[in-house]
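Asker: My structure file work.cif, mmCIF, C-alpha atoms, is below:
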```cif
data_target
loop_
_atom_site.label_atom_id
_atom_site.label_comp_id
_atom_site.auth_asym_id
_atom_site.auth_seq_id
_atom_site.Cartn_x
_atom_site.Cartn_y
_atom_site.Cartn_z
CA MET Z 1 -49.50 25.29 14.43
CA LYS Z 2 -46.92 27.99 15.04
CA ASP Z 3 -48.33 28.65 18.50
CA LYS Z 4 -48.14 24.95 19.38
CA ILE Z 5 -44.48 24.78 18.38
CA ILE Z 6 -43.68 27.87 20.48
CA ASP Z 7 -45.54 26.42 23.45
CA LEU Z 8 -43.61 23.14 23.10
CA ILE Z 9 -40.26 24.93 23.08
CA GLU Z 10 -41.17 27.08 26.06
CA VAL Z 11 -42.30 24.13 28.19
CA SER Z 12 -39.97 23.85 31.15
CA SER Z 13 -39.88 22.13 34.47
CA SER Z 14 -41.28 23.85 37.49
CA THR Z 15 -38.88 26.27 39.09
CA LEU Z 16 -36.70 24.54 41.63
CA THR Z 17 -36.47 25.88 45.14
CA LEU Z 18 -33.18 26.80 46.72
CA GLU Z 19 -33.43 23.75 48.99
CA GLN Z 20 -33.79 21.42 45.99
CA ILE Z 21 -30.84 22.96 44.19
CA VAL Z 22 -28.67 22.68 47.30
CA ALA Z 23 -29.79 19.06 47.76
CA HIS Z 24 -28.79 18.23 44.17
CA LEU Z 25 -25.33 19.70 44.68
CA ILE Z 26 -24.77 18.12 48.10
CA VAL Z 27 -25.69 14.63 46.88
CA ALA Z 28 -23.55 15.11 43.76
CA THR Z 29 -20.59 16.17 45.90
CA ILE Z 30 -20.96 13.17 48.23
CA LEU Z 31 -21.19 10.73 45.33
CA GLY Z 32 -18.34 12.54 43.60
CA LEU Z 33 -16.19 11.94 46.68
CA ALA Z 34 -17.15 8.26 46.55
CA ILE Z 35 -15.88 8.20 42.95
CA TYR Z 36 -12.72 9.99 44.14
CA ILE Z 37 -12.08 7.30 46.76
CA SER Z 38 -12.76 4.51 44.25
CA TYR Z 39 -10.28 5.99 41.76
CA TYR Z 40 -7.68 6.41 44.52
CA ILE Z 41 -8.03 2.78 45.59
CA SER Z 42 -8.06 1.23 42.13
CA HIS Z 43 -5.11 3.21 40.73
CA GLU Z 44 -1.57 3.23 42.01
CA GLY Z 45 1.94 4.14 40.91
CA THR Z 46 2.54 6.25 37.83
CA ILE Z 47 -0.96 5.76 36.42
CA TYR Z 48 -2.54 7.61 39.38
CA SER Z 49 -3.20 11.30 38.70
CA LYS Z 50 -4.29 13.55 41.57
CA LYS Z 51 -5.44 16.25 39.16
CA PHE Z 52 -7.56 13.83 37.16
CA ASN Z 53 -9.09 12.46 40.35
CA VAL Z 54 -10.07 15.97 41.51
CA SER Z 55 -11.47 16.63 38.04
CA LEU Z 56 -13.81 13.66 38.44
CA VAL Z 57 -15.47 15.30 41.45
CA MET Z 58 -15.69 18.61 39.58
CA LEU Z 59 -17.22 16.88 36.56
CA THR Z 60 -19.87 15.26 38.75
CA ILE Z 61 -20.89 18.63 40.21
CA LEU Z 62 -20.79 20.39 36.84
CA SER Z 63 -22.96 17.70 35.23
CA THR Z 64 -25.46 18.15 38.04
CA MET Z 65 -25.50 21.92 37.49
CA VAL Z 66 -26.11 21.48 33.77
CA MET Z 67 -28.99 19.05 34.30
CA THR Z 68 -30.49 21.28 37.00
CA VAL Z 69 -30.50 24.22 34.61
CA ILE Z 70 -31.83 22.28 31.63
CA GLY Z 71 -34.61 20.37 33.35
CA ASN Z 72 -37.26 19.66 30.69
CA ASN Z 73 -36.59 22.84 28.74
CA ILE Z 74 -36.08 21.83 25.11
CA ALA Z 75 -34.69 25.20 24.05
CA LEU Z 76 -32.06 25.14 26.79
CA SER Z 77 -31.11 21.53 26.04
CA LEU Z 78 -30.57 22.31 22.34
CA GLY Z 79 -28.56 25.37 23.21
CA MET Z 80 -26.42 23.38 25.65
CA VAL Z 81 -25.74 20.70 23.05
CA GLY Z 82 -24.61 23.38 20.62
CA ALA Z 83 -22.37 25.02 23.21
CA LEU Z 84 -20.73 21.77 24.30
CA SER Z 85 -20.18 20.59 20.74
CA ILE Z 86 -17.35 23.11 20.31
CA VAL Z 87 -15.40 21.63 23.24
CA ARG Z 88 -12.46 19.45 22.31
CA PHE Z 89 -10.87 17.20 24.94
CA ARG Z 90 -7.15 16.59 24.40
CA THR Z 91 -6.26 14.88 27.69
CA ALA Z 92 -4.39 11.63 27.15
CA ILE Z 93 -6.05 8.65 28.79
CA LYS Z 94 -3.43 6.74 30.77
CA ASP Z 95 -5.67 3.84 31.66
CA SER Z 96 -8.67 2.42 29.81
CA ARG Z 97 -10.59 2.52 33.09
CA ASP Z 98 -10.36 6.33 33.11
CA THR Z 99 -12.94 6.52 30.32
CA ALA Z 100 -15.36 4.49 32.45
CA TYR Z 101 -14.76 6.84 35.37
CA ILE Z 102 -15.62 9.84 33.20
CA PHE Z 103 -18.89 8.22 32.13
CA TRP Z 104 -19.56 7.34 35.76
CA THR Z 105 -19.29 10.97 36.86
CA ILE Z 106 -21.50 12.22 34.01
CA ILE Z 107 -24.21 9.64 34.70
CA VAL Z 108 -24.19 10.44 38.42
CA GLY Z 109 -24.40 14.15 37.59
CA ILE Z 110 -27.39 13.56 35.31
CA CYS Z 111 -29.19 11.51 37.98
CA CYS Z 112 -28.54 14.11 40.67
CA GLY Z 113 -29.56 16.93 38.34
CA VAL Z 114 -33.01 15.43 37.86
CA GLY Z 115 -33.32 14.50 41.53
CA ASP Z 116 -33.13 10.74 41.07
CA TYR Z 117 -30.91 10.10 44.09
CA ILE Z 118 -31.85 6.44 44.46
CA VAL Z 119 -30.53 5.48 41.01
CA ALA Z 120 -27.41 7.60 41.52
CA GLY Z 121 -26.73 6.16 44.97
CA CYS Z 122 -27.42 2.52 44.13
CA GLY Z 123 -25.47 2.71 40.88
CA THR Z 124 -22.51 4.34 42.59
CA ALA Z 125 -22.54 1.73 45.35
CA ALA Z 126 -22.61 -1.11 42.82
CA VAL Z 127 -19.74 0.28 40.73
CA PHE Z 128 -17.76 1.15 43.87
CA ILE Z 129 -17.97 -2.42 45.16
CA PHE Z 130 -17.10 -3.80 41.72
CA MET Z 131 -14.00 -1.58 41.48
CA LEU Z 132 -13.05 -2.42 45.06
CA ILE Z 133 -12.90 -6.09 44.09
CA PHE Z 134 -11.56 -5.92 40.55
CA GLY Z 135 -9.99 -2.46 40.37
CA ARG Z 136 -6.41 -3.59 40.98
CA ILE Z 137 -6.38 -6.21 38.23
CA LYS Z 138 -3.45 -5.56 35.90
CA ASN Z 139 -2.30 -6.93 32.61
CA ASP Z 140 0.53 -9.43 32.75
CA ASN Z 141 3.85 -7.88 31.82
CA ARG Z 142 5.44 -9.20 28.68
CA ILE Z 143 9.15 -9.68 28.21
CA LEU Z 144 10.76 -8.74 24.91
CA LEU Z 145 13.93 -10.66 24.22
CA ILE Z 146 16.05 -8.84 21.62
CA ILE Z 147 19.05 -10.61 20.13
CA LYS Z 148 21.46 -9.39 17.47
CA THR Z 149 24.09 -11.76 16.17
CA ASN Z 150 25.93 -13.01 13.12
CA LEU Z 151 23.71 -14.33 10.35
CA ASN Z 152 25.35 -17.74 10.62
CA ASN Z 153 23.91 -18.12 14.14
CA GLU Z 154 20.27 -18.00 13.01
CA ARG Z 155 19.52 -21.70 13.50
CA LYS Z 156 21.53 -21.87 16.72
CA VAL Z 157 19.60 -18.98 18.29
CA GLU Z 158 16.27 -20.48 17.27
CA GLY Z 159 17.35 -23.80 18.76
CA ILE Z 160 18.29 -22.23 22.10
CA ILE Z 161 15.00 -20.29 22.27
CA PHE Z 162 13.06 -23.47 21.56
CA ASP Z 163 14.99 -25.43 24.21
CA TYR Z 164 14.26 -22.83 26.88
CA PHE Z 165 10.70 -21.75 25.98
CA SER Z 166 9.33 -24.44 23.66
CA GLN Z 167 6.20 -22.97 21.97
CA LYS Z 168 5.79 -20.15 24.52
CA ALA Z 169 8.16 -17.74 22.76
CA ASN Z 170 6.49 -15.76 19.97
CA LEU Z 171 8.76 -14.41 17.28
CA ARG Z 172 7.60 -10.86 16.54
CA VAL Z 173 10.40 -9.46 14.40
CA LYS Z 174 13.31 -10.88 12.42
CA ASN Z 175 15.53 -8.24 10.84
CA THR Z 176 18.38 -9.36 8.59
CA THR Z 177 21.28 -7.87 6.68
CA ASP Z 178 23.88 -9.64 4.59
CA LYS Z 179 25.96 -10.19 7.76
CA THR Z 180 23.72 -9.87 10.84
CA ILE Z 181 20.30 -10.91 12.07
CA GLU Z 182 18.13 -9.47 14.86
CA PHE Z 183 15.38 -11.39 16.66
CA ILE Z 184 12.63 -9.91 18.83
CA TYR Z 185 10.75 -12.54 20.84
CA GLU Z 186 7.75 -11.91 23.10
CA LEU Z 187 7.78 -13.98 26.27
CA PRO Z 188 5.19 -14.24 29.05
CA LYS Z 189 6.88 -13.04 32.22
CA LYS Z 190 6.22 -16.23 34.18
CA TYR Z 191 8.00 -18.38 31.58
CA TYR Z 192 10.98 -16.05 31.47
CA THR Z 193 11.20 -16.11 35.28
CA LYS Z 194 11.34 -19.91 35.25
CA THR Z 195 14.44 -19.86 33.05
CA LEU Z 196 16.33 -17.83 35.66
CA THR Z 197 16.22 -20.85 37.98
CA ASN Z 198 18.05 -23.01 35.44
CA GLU Z 199 21.70 -23.86 35.96
CA LYS Z 200 22.45 -21.66 32.94
CA ASN Z 201 20.04 -18.81 32.15
CA ILE Z 202 19.02 -17.82 28.65
CA ILE Z 203 21.39 -14.83 28.48
CA GLU Z 204 24.44 -16.91 29.33
CA ALA Z 205 23.44 -19.55 26.80
CA LEU Z 206 23.10 -16.98 24.03
CA TYR Z 207 26.41 -15.27 24.78
CA GLU Z 208 28.20 -18.61 24.55
CA LEU Z 209 27.54 -18.40 20.82
CA LYS Z 210 30.24 -16.57 18.92
CA ASN Z 211 29.64 -13.14 17.36
CA VAL Z 212 26.61 -12.19 19.50
CA GLU Z 213 26.46 -8.39 19.46
CA TYR Z 214 23.86 -7.93 22.21
CA VAL Z 215 21.03 -9.57 24.14
CA ASN Z 216 18.48 -7.11 25.56
CA ILE Z 217 15.60 -7.81 27.94
CA VAL Z 218 12.71 -5.31 27.87
CA SER Z 219 9.65 -5.41 30.14
CA GLN Z 220 6.50 -4.23 28.38
CA ASN Z 221 2.92 -3.62 29.52
CA ASP Z 222 -0.20 -1.84 28.24
CA GLU Z 223 -0.15 0.99 30.76
CA ILE Z 224 1.12 4.43 29.83
CA SER Z 225 3.22 6.02 32.55
CA GLY Z 226 3.40 9.72 33.04
#
```
What's the structure tokens form of this structure?
Answerer:
Amino acid sequence: MKDKIIDLIEVSSSTLTLEQIVAHLIVATILGLAIYISYYISHEGTIYSKKFNVSLVMLTILSTMVMTVIGNNIALSLGMVGALSIVRFRTAIKDSRDTAYIFWTIIVGICCGVGDYIVAGCGTAAVFIFMLIFGRIKNDNRILLIIKTNLNNERKVEGIIFDYFSQKANLRVKNTTDKTIEFIYELPKKYYTKTLTNEKNIIEALYELKNVEYVNIVSQNDEISG
């Protein structure tokens, strides 16, 4: 029984030739560059990171190297899992798509490492085309309307907001003291833009009330700039 267990652990894939190893790395590099181009096209502005994009190509090649070394060797695979388990990634993800790109590079690296170029190539082509079509989709910006005024103006402010936005304005916060009240409304950008074409925009209407301390407009989205 002991001998069988030792034989199972020592089972490994046939030794790869230099040509096979080079082929793995070349294909991984080419597909990694395809990922690089996809990331470059689908990201723009402050969310695009040149360093992160270069890291995607590196991660593809490194994943291929790891899979080439491991092969079918159980002992090596267990040792690699143990070694990688101590790694802690602290990089902030600016865009939710970045996580998908990381998985993309790892999967391509695994496929190239085992020599399955067809799956790696077809999968990369499919994801590349998908990101080419849908990669520039963005969340709609939201407008936060912040108003601070005298407590006596509470009903008047709510009336003005209803007149301009009807049910489209969502009240998120209402802070009150014994003398003042602060409103924070969330507005879809398109509805706020429509009010700017009115004869009197929302800001002017609010400031016509007495004792309005401030009216602030804040644009908000789900993307983290850096």
Asker: Interatomic distance between atom CA of Z:Ile146 and atom CA of Z:Ile217?
Answerer: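 One can read the atom CA of Z:Ile146 to atom CA of Z:Ile217 distance as 6.4 Å.
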Asker: Rank Z:Val57, Z:Val157, Z:Val22, Z:Val119 by their smallest atom-to-atom distance to Z:Tyr36, using all atoms listed in the file, and report the top residue only.
Answerer: Z:Val57
Asker: Which residue is closest to Z:Gly113? Choose from Z:Thr176, Z:Ser55, Z:Gln20, Z:Ser38 and count all atoms listed in the file.
Answerer: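 Counting all atoms listed in the file, the residue closest to Z:Gly113 is Z:Gln20.
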Asker: Using all atoms listed in the file, give me every residue within 6 Å of (10.3, -5.7, 27.6) in file coordinates, as a PyMOL selection string.
Answerer: chain Z and resi 143-144+217-220
Asker: Could you tell me how far atom CA of Z:Lys168 lies from atom CA of Z:Glu182, in Å and to one decimal?
Answerer: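 Taking atom CA of Z:Lys168 and atom CA of Z:Glu182, their separation equals 19.0 Å.
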Asker: Output the residue selection produced by the PyMOL selection byres ((chain Z and resi 153) around 12) on the file above, formatted as number ranges by chain.
Answerer: Z: 147-152, 154-160, 176, 179-183, 206-213
Asker: From the list Z:Val108, Z:Ile41, Z:Gly135, Z:Ile102, which residue is nearest Z:Cys122 when using only C-alpha atoms?
Answerer: Z:Val108
